[in-house]
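Enquirer: Quick one, run34.pdb (PDB, C-alpha atoms (C1' of nucleotides)):
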ATOM      1  CA  MET Z   1      30.975  -6.788  -2.219
ATOM      2  CA  GLU Z   2      33.749  -4.195  -1.799
ATOM      3  CA  ILE Z   3      33.126  -0.727  -0.460
ATOM      4  CA  THR Z   4      35.613   2.007  -1.267
ATOM      5  CA  THR Z   5      35.602   5.777  -1.305
ATOM      6  CA  PHE Z   6      36.748   8.212  -3.949
ATOM      7  CA  ASN Z   7      36.239  11.939  -4.142
ATOM      8  CA  ASP Z   8      33.314  12.411  -1.769
ATOM      9  CA  LYS Z   9      31.436   9.365  -2.931
ATOM     10  CA  ILE Z  10      31.049   5.742  -1.977
ATOM     11  CA  LYS Z  11      31.730   3.154  -4.585
ATOM     12  CA  ILE Z  12      30.656  -0.473  -4.308
ATOM     13  CA  THR Z  13      31.859  -3.161  -6.641
ATOM     14  CA  ASN Z  14      30.928  -6.785  -7.009
ATOM     15  CA  LEU Z  15      27.330  -6.081  -5.990
ATOM     16  CA  ARG Z  16      25.148  -9.157  -6.119
ATOM     17  CA  GLN Z  17      21.357  -9.346  -6.052
ATOM     18  CA  PHE Z  18      21.063  -5.566  -6.053
ATOM     19  CA  ASN Z  19      19.557  -3.251  -8.636
ATOM     20  CA  ILE Z  20      18.759   0.268  -7.552
ATOM     21  CA  GLY Z  21      15.856   0.612  -9.971
ATOM     22  CA  GLU Z  22      14.252  -2.644  -8.891
ATOM     23  CA  VAL Z  23      14.809  -1.813  -5.228
ATOM     24  CA  LEU Z  24      13.102   1.565  -5.446
ATOM     25  CA  GLU Z  25      10.392   0.799  -7.984
ATOM     26  CA  CYS Z  26       9.066  -2.501  -6.657
ATOM     27  CA  GLY Z  27       6.459  -0.674  -4.567
ATOM     28  CA  GLN Z  28       8.022  -0.648  -1.102
ATOM     29  CA  CYS Z  29       9.052   3.011  -0.811
ATOM     30  CA  PHE Z  30       7.777   6.356  -1.977
ATOM     31  CA  ARG Z  31      10.335   9.098  -1.480
ATOM     32  CA  PHE Z  32      12.544   8.714  -4.508
ATOM     33  CA  GLU Z  33      12.889  10.121  -7.992
ATOM     34  CA  LYS Z  34      14.172   8.566 -11.153
ATOM     35  CA  LEU Z  35      16.685  10.963 -12.673
ATOM     36  CA  ASP Z  36      17.817   8.721 -15.504
ATOM     37  CA  ASN Z  37      18.243   5.043 -16.252
ATOM     38  CA  ASN Z  38      19.898   3.461 -13.203
ATOM     39  CA  PHE Z  39      20.209   6.895 -11.613
ATOM     40  CA  TYR Z  40      18.000   7.849  -8.655
ATOM     41  CA  SER Z  41      17.718  10.164  -5.712
ATOM     42  CA  LEU Z  42      16.019   9.047  -2.532
ATOM     43  CA  VAL Z  43      15.252  10.464   0.887
ATOM     44  CA  ALA Z  44      15.628   8.595   4.175
ATOM     45  CA  PHE Z  45      16.785   9.546   7.656
ATOM     46  CA  SER Z  46      16.616  13.236   6.661
ATOM     47  CA  HIS Z  47      19.280  12.646   4.031
ATOM     48  CA  THR Z  48      18.945  12.899   0.282
ATOM     49  CA  LEU Z  49      21.076  10.206  -1.277
ATOM     50  CA  PHE Z  50      22.017   9.917  -4.926
ATOM     51  CA  ALA Z  51      22.579   6.465  -6.379
ATOM     52  CA  LYS Z  52      23.872   5.401  -9.749
ATOM     53  CA  GLN Z  53      24.483   1.852 -10.848
ATOM     54  CA  ARG Z  54      26.146   0.169 -13.787
ATOM     55  CA  GLY Z  55      26.138  -3.586 -13.735
ATOM     56  CA  ASP Z  56      27.541  -4.833 -10.462
ATOM     57  CA  ALA Z  57      29.067  -1.462  -9.565
ATOM     58  CA  ALA Z  58      27.245   1.419  -7.895
ATOM     59  CA  GLU Z  59      28.025   4.875  -6.570
ATOM     60  CA  PHE Z  60      26.307   6.672  -3.690
ATOM     61  CA  TRP Z  61      26.749  10.288  -2.677
ATOM     62  CA  TYR Z  62      25.201  13.342  -1.044
ATOM     63  CA  GLU Z  63      24.674  16.579  -2.899
ATOM     64  CA  ASN Z  64      26.370  19.019  -0.568
ATOM     65  CA  ARG Z  65      28.775  17.095   1.586
ATOM     66  CA  LYS Z  66      31.055  14.130   1.766
ATOM     67  CA  LEU Z  67      29.643  10.662   2.338
ATOM     68  CA  ASP Z  68      32.330   8.661   4.096
ATOM     69  CA  ILE Z  69      32.542   4.948   4.621
ATOM     70  CA  GLU Z  70      31.703   5.136   8.315
ATOM     71  CA  GLU Z  71      28.430   6.916   7.660
ATOM     72  CA  PHE Z  72      27.594   4.668   4.734
ATOM     73  CA  LYS Z  73      28.068   1.588   6.864
ATOM     74  CA  GLU Z  74      26.253   3.154   9.783
ATOM     75  CA  ILE Z  75      23.150   4.130   7.827
ATOM     76  CA  TRP Z  76      22.901   2.879   4.293
ATOM     77  CA  VAL Z  77      24.266  -0.671   4.424
ATOM     78  CA  ASP Z  78      21.433  -1.510   6.779
ATOM     79  CA  TYR Z  79      18.878   0.565   4.870
ATOM     80  CA  PHE Z  80      19.592  -1.302   1.623
ATOM     81  CA  ASP Z  81      19.839  -4.614   3.510
ATOM     82  CA  LEU Z  82      23.232  -5.219   1.927
ATOM     83  CA  GLU Z  83      24.440  -7.723   4.486
ATOM     84  CA  ARG Z  84      21.686 -10.240   3.937
ATOM     85  CA  ASP Z  85      22.358 -13.248   1.724
ATOM     86  CA  TYR Z  86      19.725 -12.854  -0.990
ATOM     87  CA  GLU Z  87      21.212 -15.605  -3.110
ATOM     88  CA  LYS Z  88      20.323 -18.050  -0.361
ATOM     89  CA  ILE Z  89      16.849 -16.572   0.028
ATOM     90  CA  GLN Z  90      16.160 -16.770  -3.685
ATOM     91  CA  GLN Z  91      17.265 -20.378  -3.824
ATOM     92  CA  LYS Z  92      15.205 -21.276  -0.812
ATOM     93  CA  ILE Z  93      11.907 -19.761  -1.901
ATOM     94  CA  ALA Z  94      12.221 -20.806  -5.543
ATOM     95  CA  GLN Z  95      13.235 -24.378  -4.881
ATOM     96  CA  ASP Z  96      10.858 -26.754  -6.670
ATOM     97  CA  ASP Z  97       8.702 -23.741  -7.547
ATOM     98  CA  PRO Z  98       8.888 -22.692 -11.209
ATOM     99  CA  ILE Z  99       6.453 -19.833 -10.574
ATOM    100  CA  MET Z 100       8.608 -18.244  -7.910
ATOM    101  CA  GLN Z 101      11.651 -18.950 -10.044
ATOM    102  CA  ARG Z 102      10.223 -16.786 -12.812
ATOM    103  CA  ALA Z 103       9.293 -14.030 -10.353
ATOM    104  CA  VAL Z 104      12.801 -13.989  -8.880
ATOM    105  CA  GLU Z 105      14.473 -14.059 -12.273
ATOM    106  CA  PHE Z 106      12.351 -11.138 -13.432
ATOM    107  CA  ALA Z 107      13.801  -8.833 -10.746
ATOM    108  CA  PRO Z 108      16.685 -10.527  -8.931
ATOM    109  CA  GLY Z 109      17.982  -7.151  -7.740
ATOM    110  CA  ILE Z 110      15.143  -6.487  -5.294
ATOM    111  CA  ARG Z 111      16.097  -5.921  -1.649
ATOM    112  CA  LEU Z 112      13.733  -5.281   1.222
ATOM    113  CA  LEU Z 113      14.612  -1.845   2.534
ATOM    114  CA  ASN Z 114      14.861  -1.370   6.292
ATOM    115  CA  GLN Z 115      12.659   1.694   6.552
ATOM    116  CA  ASP Z 116      11.519   3.865   9.438
ATOM    117  CA  PRO Z 117       8.408   2.330  11.087
ATOM    118  CA  TRP Z 118       6.897   5.748  11.745
ATOM    119  CA  GLU Z 119       7.214   6.876   8.159
ATOM    120  CA  ILE Z 120       5.973   3.502   6.897
ATOM    121  CA  LEU Z 121       2.993   3.706   9.248
ATOM    122  CA  LEU Z 122       1.671   6.911   7.712
ATOM    123  CA  SER Z 123       2.795   6.051   4.181
ATOM    124  CA  PHE Z 124       0.821   2.832   4.011
ATOM    125  CA  ILE Z 125      -2.280   4.372   5.550
ATOM    126  CA  ILE Z 126      -2.082   6.801   2.648
ATOM    127  CA  SER Z 127      -1.592   3.917   0.219
ATOM    128  CA  ALA Z 128      -5.093   2.530   0.756
ATOM    129  CA  ASN Z 129      -7.119   2.646  -2.452
ATOM    130  CA  ASN Z 130      -4.560   4.986  -3.983
ATOM    131  CA  ARG Z 131      -2.067   5.068  -6.834
ATOM    132  CA  ILE Z 132       1.663   5.188  -6.303
ATOM    133  CA  PRO Z 133       2.260   8.595  -7.973
ATOM    134  CA  GLN Z 134      -0.460  10.100  -5.789
ATOM    135  CA  ILE Z 135       0.879   8.407  -2.653
ATOM    136  CA  LYS Z 136       4.295   9.908  -3.414
ATOM    137  CA  GLN Z 137       2.778  13.342  -3.925
ATOM    138  CA  VAL Z 138       0.792  13.296  -0.684
ATOM    139  CA  ILE Z 139       3.824  12.191   1.346
ATOM    140  CA  LYS Z 140       5.855  14.938  -0.277
ATOM    141  CA  ASN Z 141       3.151  17.452   0.615
ATOM    142  CA  ILE Z 142       3.261  16.365   4.261
ATOM    143  CA  CYS Z 143       7.063  16.554   4.385
ATOM    144  CA  GLU Z 144       7.120  20.027   2.877
ATOM    145  CA  ALA Z 145       4.341  21.302   5.104
ATOM    146  CA  TYR Z 146       5.509  19.960   8.467
ATOM    147  CA  GLY Z 147       8.988  18.420   8.179
ATOM    148  CA  GLU Z 148      12.200  20.251   8.928
ATOM    149  CA  ASN Z 149      13.929  20.910   5.617
ATOM    150  CA  SER Z 150      11.305  18.739   3.923
ATOM    151  CA  SER Z 151      12.320  15.668   5.893
ATOM    152  CA  PHE Z 152       9.594  13.391   7.185
ATOM    153  CA  PRO Z 153       7.927  15.154  10.150
ATOM    154  CA  THR Z 154       8.184  13.678  13.625
ATOM    155  CA  PRO Z 155       5.119  12.644  15.661
ATOM    156  CA  GLU Z 156       5.665  15.814  17.728
ATOM    157  CA  GLN Z 157       5.567  17.948  14.621
ATOM    158  CA  LEU Z 158       2.215  16.423  13.643
ATOM    159  CA  LYS Z 159       0.749  16.637  17.131
ATOM    160  CA  ASN Z 160      -1.627  19.507  16.457
ATOM    161  CA  VAL Z 161      -2.347  18.805  12.803
ATOM    162  CA  THR Z 162      -6.080  18.383  12.212
ATOM    163  CA  ALA Z 163      -7.996  16.345   9.657
ATOM    164  CA  GLU Z 164      -8.755  19.573   7.828
ATOM    165  CA  ASP Z 165      -5.044  20.371   7.702
ATOM    166  CA  PHE Z 166      -4.307  16.964   6.204
ATOM    167  CA  ARG Z 167      -7.140  17.318   3.717
ATOM    168  CA  VAL Z 168      -5.483  20.402   2.254
ATOM    169  CA  LEU Z 169      -2.479  18.183   1.474
ATOM    170  CA  LYS Z 170      -4.690  15.937  -0.698
ATOM    171  CA  THR Z 171      -4.911  12.983   1.672
ATOM    172  CA  GLY Z 172      -8.576  12.563   0.770
ATOM    173  CA  PHE Z 173     -10.723  10.472   3.115
ATOM    174  CA  ARG Z 174      -7.561   9.219   4.891
ATOM    175  CA  ASP Z 175      -7.211  12.534   6.766
ATOM    176  CA  LYS Z 176      -8.879  11.280   9.951
ATOM    177  CA  TYR Z 177      -6.914   8.032   9.801
ATOM    178  CA  LEU Z 178      -3.639   9.965   9.886
ATOM    179  CA  VAL Z 179      -4.831  11.982  12.864
ATOM    180  CA  ASP Z 180      -5.664   8.747  14.659
ATOM    181  CA  ALA Z 181      -2.272   7.206  13.824
ATOM    182  CA  VAL Z 182      -0.423  10.230  15.209
ATOM    183  CA  ALA Z 183      -2.521  10.031  18.388
ATOM    184  CA  HIS Z 184      -1.758   6.330  18.852
ATOM    185  CA  VAL Z 185       1.976   6.954  18.519
ATOM    186  CA  LEU Z 186       1.960   9.952  20.847
ATOM    187  CA  ALA Z 187       0.009   7.901  23.388
ATOM    188  CA  GLY Z 188       2.750   5.279  23.297
ATOM    189  CA  ASN Z 189       0.561   2.554  21.835
ATOM    190  CA  LEU Z 190       2.952   1.892  18.980
ATOM    191  CA  PRO Z 191       6.750   1.672  19.022
ATOM    192  CA  ILE Z 192       8.327   3.821  16.324
ATOM    193  CA  GLN Z 193      11.618   2.024  16.298
ATOM    194  CA  ARG Z 194      12.237  -1.616  15.571
ATOM    195  CA  ASP Z 195      11.806  -3.443  18.837
ATOM    196  CA  GLU Z 196      12.340  -7.180  18.644
ATOM    197  CA  SER Z 197      11.009  -7.642  22.164
ATOM    198  CA  VAL Z 198       7.477  -6.918  20.935
ATOM    199  CA  SER Z 199       5.900  -9.959  19.318
ATOM    200  CA  THR Z 200       4.584  -9.754  15.789
ATOM    201  CA  ALA Z 201       1.125 -10.774  16.976
ATOM    202  CA  ASP Z 202       1.133  -7.975  19.546
ATOM    203  CA  LEU Z 203       2.342  -5.422  16.995
ATOM    204  CA  ARG Z 204      -0.347  -6.537  14.581
ATOM    205  CA  GLU Z 205      -3.066  -6.042  17.191
ATOM    206  CA  ARG Z 206      -1.763  -2.571  17.975
ATOM    207  CA  LEU Z 207      -1.699  -1.659  14.303
ATOM    208  CA  LEU Z 208      -5.237  -2.922  13.676
ATOM    209  CA  ALA Z 209      -6.436  -0.670  16.517
ATOM    210  CA  VAL Z 210      -5.555   2.353  14.395
ATOM    211  CA  LYS Z 211      -8.350   3.605  12.137
ATOM    212  CA  GLY Z 212      -7.518   3.127   8.494
ATOM    213  CA  ILE Z 213      -5.311   0.113   9.132
ATOM    214  CA  GLY Z 214      -6.795  -3.201   8.060
ATOM    215  CA  GLU Z 215      -5.249  -6.588   7.436
ATOM    216  CA  LYS Z 216      -3.364  -5.646   4.290
ATOM    217  CA  VAL Z 217      -1.899  -2.355   5.491
ATOM    218  CA  ALA Z 218      -0.940  -3.959   8.812
ATOM    219  CA  HIS Z 219       1.072  -6.587   6.958
ATOM    220  CA  CYS Z 220       2.793  -3.882   4.896
ATOM    221  CA  ILE Z 221       3.826  -2.006   8.037
ATOM    222  CA  LEU Z 222       4.962  -5.178   9.798
ATOM    223  CA  LEU Z 223       7.026  -6.082   6.752
ATOM    224  CA  MET Z 224       8.544  -2.776   5.667
ATOM    225  CA  GLY Z 225       8.537  -0.906   8.939
ATOM    226  CA  TYR Z 226       9.226  -3.547  11.549
ATOM    227  CA  GLY Z 227      11.072  -6.150   9.470
ATOM    228  CA  ARG Z 228       8.739  -9.020  10.339
ATOM    229  CA  TYR Z 229       9.534 -11.157   7.330
ATOM    230  CA  ASN Z 230       6.793 -13.717   7.746
ATOM    231  CA  SER Z 231       4.307 -10.967   6.821
ATOM    232  CA  PHE Z 232       2.469 -11.396   3.535
ATOM    233  CA  PRO Z 233       0.379  -8.407   2.388
ATOM    234  CA  VAL Z 234      -2.491  -9.518   0.156
ATOM    235  CA  ASP Z 235      -3.657  -6.711  -2.085
ATOM    236  CA  VAL Z 236      -5.580  -7.071  -5.336
ATOM    237  CA  TRP Z 237      -2.378  -7.904  -7.250
ATOM    238  CA  VAL Z 238      -1.095 -10.528  -4.855
ATOM    239  CA  GLN Z 239      -4.560 -12.058  -4.593
ATOM    240  CA  ARG Z 240      -4.740 -12.177  -8.373
ATOM    241  CA  VAL Z 241      -1.325 -13.779  -8.839
ATOM    242  CA  MET Z 242      -1.866 -16.267  -6.006
ATOM    243  CA  GLU Z 243      -5.280 -17.372  -7.260
ATOM    244  CA  ARG Z 244      -4.113 -17.638 -10.848
ATOM    245  CA  LEU Z 245      -0.750 -19.295 -10.344
ATOM    246  CA  TYR Z 246      -1.033 -21.199  -7.066
ATOM    247  CA  PHE Z 247      -4.752 -21.949  -6.672
ATOM    248  CA  ASN Z 248      -5.626 -23.119 -10.148
ATOM    249  CA  GLY Z 249      -7.633 -19.983 -10.928
ATOM    250  CA  GLU Z 250     -10.031 -20.485  -8.042
ATOM    251  CA  LYS Z 251     -11.291 -17.691  -5.832
ATOM    252  CA  THR Z 252      -9.384 -17.921  -2.545
ATOM    253  CA  SER Z 253      -9.786 -16.135   0.775
ATOM    254  CA  VAL Z 254      -6.997 -14.016   2.243
ATOM    255  CA  ALA Z 255      -6.858 -16.385   5.226
ATOM    256  CA  LYS Z 256      -6.150 -19.359   2.969
ATOM    257  CA  ILE Z 257      -3.502 -17.411   1.084
ATOM    258  CA  HIS Z 258      -1.821 -16.516   4.374
ATOM    259  CA  GLN Z 259      -1.870 -20.143   5.454
ATOM    260  CA  PHE Z 260      -0.383 -21.249   2.141
ATOM    261  CA  ALA Z 261       2.359 -18.583   2.228
ATOM    262  CA  GLY Z 262       3.255 -19.433   5.801
ATOM    263  CA  GLU Z 263       3.536 -23.143   5.094
ATOM    264  CA  ARG Z 264       5.494 -22.718   1.873
ATOM    265  CA  TRP Z 265       7.780 -19.777   2.607
ATOM    266  CA  GLY Z 266       7.736 -19.381   6.392
ATOM    267  CA  ASP Z 267      10.072 -16.658   7.587
ATOM    268  CA  TYR Z 268      10.883 -15.788   3.974
ATOM    269  CA  ALA Z 269       7.265 -15.105   3.029
ATOM    270  CA  SER Z 270       7.837 -11.355   2.735
ATOM    271  CA  PHE Z 271      10.600 -11.824   0.186
ATOM    272  CA  ALA Z 272       8.391 -14.126  -1.851
ATOM    273  CA  ASN Z 273       5.600 -11.576  -1.567
ATOM    274  CA  GLN Z 274       7.752  -8.741  -2.921
ATOM    275  CA  TYR Z 275       9.043 -10.740  -5.892
ATOM    276  CA  LEU Z 276       5.499 -11.869  -6.717
ATOM    277  CA  PHE Z 277       3.965  -8.430  -6.363
ATOM    278  CA  HIS Z 278       6.504  -6.775  -8.642
ATOM    279  CA  TYR Z 279       6.345  -9.638 -11.144
ATOM    280  CA  ILE Z 280       2.579  -9.580 -11.604
ATOM    281  CA  ARG Z 281       2.371  -5.806 -11.608
ATOM    282  CA  MET Z 282       4.946  -5.519 -14.373
ATOM    283  CA  ASN Z 283       3.510  -8.542 -16.212
ATOM    284  CA  PRO Z 284      -0.252  -8.485 -15.627
ATOM    285  CA  GLU Z 285      -0.835 -11.376 -18.019
ATOM    286  CA  ALA Z 286       1.922 -13.537 -16.598
ATOM    287  CA  ASP Z 287       1.419 -17.220 -16.119
TER     288      ASP Z 287
ATOM    289  C1'  DA W   1     -17.817  10.755 -18.843
ATOM    290  C1'  DT W   2     -17.175   6.796 -16.198
ATOM    291  C1'  DC W   3     -13.991   3.792 -14.106
ATOM    292  C1'  DC W   4     -10.458   2.734 -10.928
ATOM    293  C1'  DA W   5      -6.445   2.756  -7.643
ATOM    294  C1'  DG W   6      -0.845  -2.061  -3.207
ATOM    295  C1'  DG W   7      -8.314  -0.886   1.093
ATOM    296  C1'  DA W   8     -10.952   0.136   5.152
ATOM    297  C1'  DT W   9     -15.219   0.847   7.263
ATOM    298  C1'  DC W  10     -20.045   0.497   7.988
ATOM    299  C1'  DT W  11     -24.172  -1.964   7.492
ATOM    300  C1'  DC W  12     -26.795  -5.898   6.811
ATOM    301  C1'  DC W  13     -27.556 -10.454   6.576
TER     302       DC W  13
ATOM    303  C1'  DG V   1     -17.189 -14.664   7.721
ATOM    304  C1'  DG V   2     -19.081 -12.709   3.211
ATOM    305  C1'  DA V   3     -21.511  -9.147  -0.101
ATOM    306  C1'  DG V   4     -22.316  -4.335  -1.230
ATOM    307  C1'  DA V   5     -22.027   0.772  -0.896
ATOM    308  C1'  DT V   6     -19.179   4.606   0.245
ATOM    309  C1'  DC V   7     -15.142   7.202   0.831
ATOM    310  C1'  DA V   8     -11.317  11.916  -1.881
ATOM    311  C1'  DT V   9      -8.440  12.595  -5.494
ATOM    312  C1'  DG V  10      -6.787  12.633 -10.090
ATOM    313  C1'  DG V  11      -5.377  10.224 -14.317
ATOM    314  C1'  DA V  12      -6.805   7.411 -18.289
TER     315       DA V  12
END
Would you give me this structure, written as structure tokens?

Expert:
Amino acid sequence: MEITTFNDKIKITNLRQFNIGEVLECGQCFRFEKLDNNFYSLVAFSHTLFAKQRGDAAEFWYENRKLDIEEFKEIWVDYFDLERDYEKIQQKIAQDDPIMQRAVEFAPGIRLLNQDPWEILLSFIISANNRIPQIKQVIKNICEAYGENSSFPTPEQLKNVTAEDFRVLKTGFRDKYLVDAVAHVLAGNLPIQRDESVSTADLRERLLAVKGIGEKVAHCILLMGYGRYNSFPVDVWVQRVMERLYFNGEKTSVAKIHQFAGERWGDYASFANQYLFHYIRMNPEAD
DNA sequence: ATCCAGGATCTCC
DNA sequence: GGAGATCATGGA
């Protein structure tokens, strides 16, 4: 991977295991728009980034100002998880596993984004029993209503927002859950930056104490917000693909699926989860 | 029109 | 622990 700059853009060549479309559309993030094939805009850290890819080369730039190499390395290399060896991960999880091999080969350009825990917290509360286009719309509504320049609002900025206020933004029955999440963060019950000194078990307990966060959403937040890669969210899709392809079509409890994922994939379970989720969602009849 | 969505909660057993 | 009803919203 080589990073260079030209005009006011960043150019990366020799990109491996990275596809901007697969990264953004595999269900892990919500603030992005597809502008054309292999051409997207996305919002993170109060910045709108444009990204265009062709083969193993990609360009990244801002709309109104220069994106230099220092800033790209400071912010976006970590965000896109570009320093992790995904070739090794893919080999490891797909070894002696033809099912996982197919899932990886279907979208080998997936990367697990390092996203803001606070934004992920609210986003995945909103995701419960919801569709992705609607999740995106609700998050956009919240950003435009309370964020500075339509960036994701801070806990402070949501301090006095009521359930009724959220309801206007089309959150539906999740309005009170969002109020509770804001309160938990403002009370200091939940760290809103990645803090490796807090154990995953402790974080999980703290998350489950928030109304609207159950087992599945907690795993999503641990995975995408806090980077705890042994997390394994089990939604209807993952349950379906696990039962069909790993449990011989038999109905299986979430606890048993967690045990299986932990034993088979360990600290790479989250990567396996993301490949599987995207694979079954794009190929509902897959075997 | 009825069903359903990357679920969670409440109730009841 | 598990089964069933309910929860807003909007698209098919």

Enquirer: Starting from the shown file, work through the PyMOL selection byres ((chain Z) within 12 of (chain V)) and note down what comes out as a list in words.

Expert: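 Applying the expression gives Ile126, Ala128, Asn129, Asn130, Arg131, Ile132, Pro133, Gln134, Ile135, Gln137, Val138, Phe166, Arg167, Val168, Leu169, Lys170, Thr171, Gly172, Phe173, Arg174, Asp175, Lys176, Gly212, Ser253, Val254 and Ala255 of chain Z.
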
Enquirer: I want to know what sits within 12 Å of Z:Leu222, based on only C-alpha atoms (C1' of nucleotides), with residues of the same chain fewer than 6 positions away left out; could you give that as a PyMOL selection string?

Expert: chain Z and resi 114-118+120-121+124+190-196+198-208+213+215-216+228-233+270

Enquirer: On this file, the PyMOL selection byres ((chain W) within 10 of (chain Z)) gives some set of residues; write that set as a PDB file with C-alpha atoms (C1' of nucleotides), in the frame of the given file.

Expert:
ATOM      1  C1'  DC W   4     -10.458   2.734 -10.928  1.00  0.00           C
ATOM      2  C1'  DA W   5      -6.445   2.756  -7.643  1.00  0.00           C
ATOM      3  C1'  DG W   6      -0.845  -2.061  -3.207  1.00  0.00           C
ATOM      4  C1'  DG W   7      -8.314  -0.886   1.093  1.00  0.00           C
ATOM      5  C1'  DA W   8     -10.952   0.136   5.152  1.00  0.00           C
ATOM      6  C1'  DT W   9     -15.219   0.847   7.263  1.00  0.00           C
TER       7       DT W   9
END

Enquirer: Could you work out how far atom CA of Z:Gly109 lies from atom CA of Z:Tyr279, giving the answer in Å with one decimal?

Expert: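 Computing the Euclidean distance for atom CA of Z:Tyr279 and atom CA of Z:Gly109 yields 12.4 Å.
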
Enquirer: Could you tell me, as a PyMOL selection string, exactly which residues end up selected when the PyMOL selection byres ((chain Z and resi 151) around 12) is applied to this structure?

Expert: chain Z and resi 31+42-48+119+139-150+152-154+157

Enquirer: How many Å separate atom CA of Z:Ile93 from atom CA of Z:Tyr268?

Expert: 7.2 Å

Enquirer: Excluding same-chain residues fewer than 5 positions from Z:Asp78, what lies within 10 Å of it counting all atoms listed in the file, as a list of chain:residue names?

Expert: Z:Phe72, Z:Lys73, Z:Glu83, Z:Arg84, Z:Leu113, Z:Asn114, Z:Gln115

Enquirer: To one decimal in Å, tell me the separation between atom CA of Z:Asp180 and atom CA of Z:Ala163.

Expert: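 Spanning atom CA of Z:Asp180 to atom CA of Z:Ala163 is a straight-line distance of 9.4 Å.
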
Enquirer: Find the residue from Z:Gly249, Z:Gly225, Z:Pro108, Z:Pro98 that sits nearest to Z:Gly21; use all atoms listed in the file when measuring.

Expert: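 Under the stated criterion, the closest residue is Z:Pro108.
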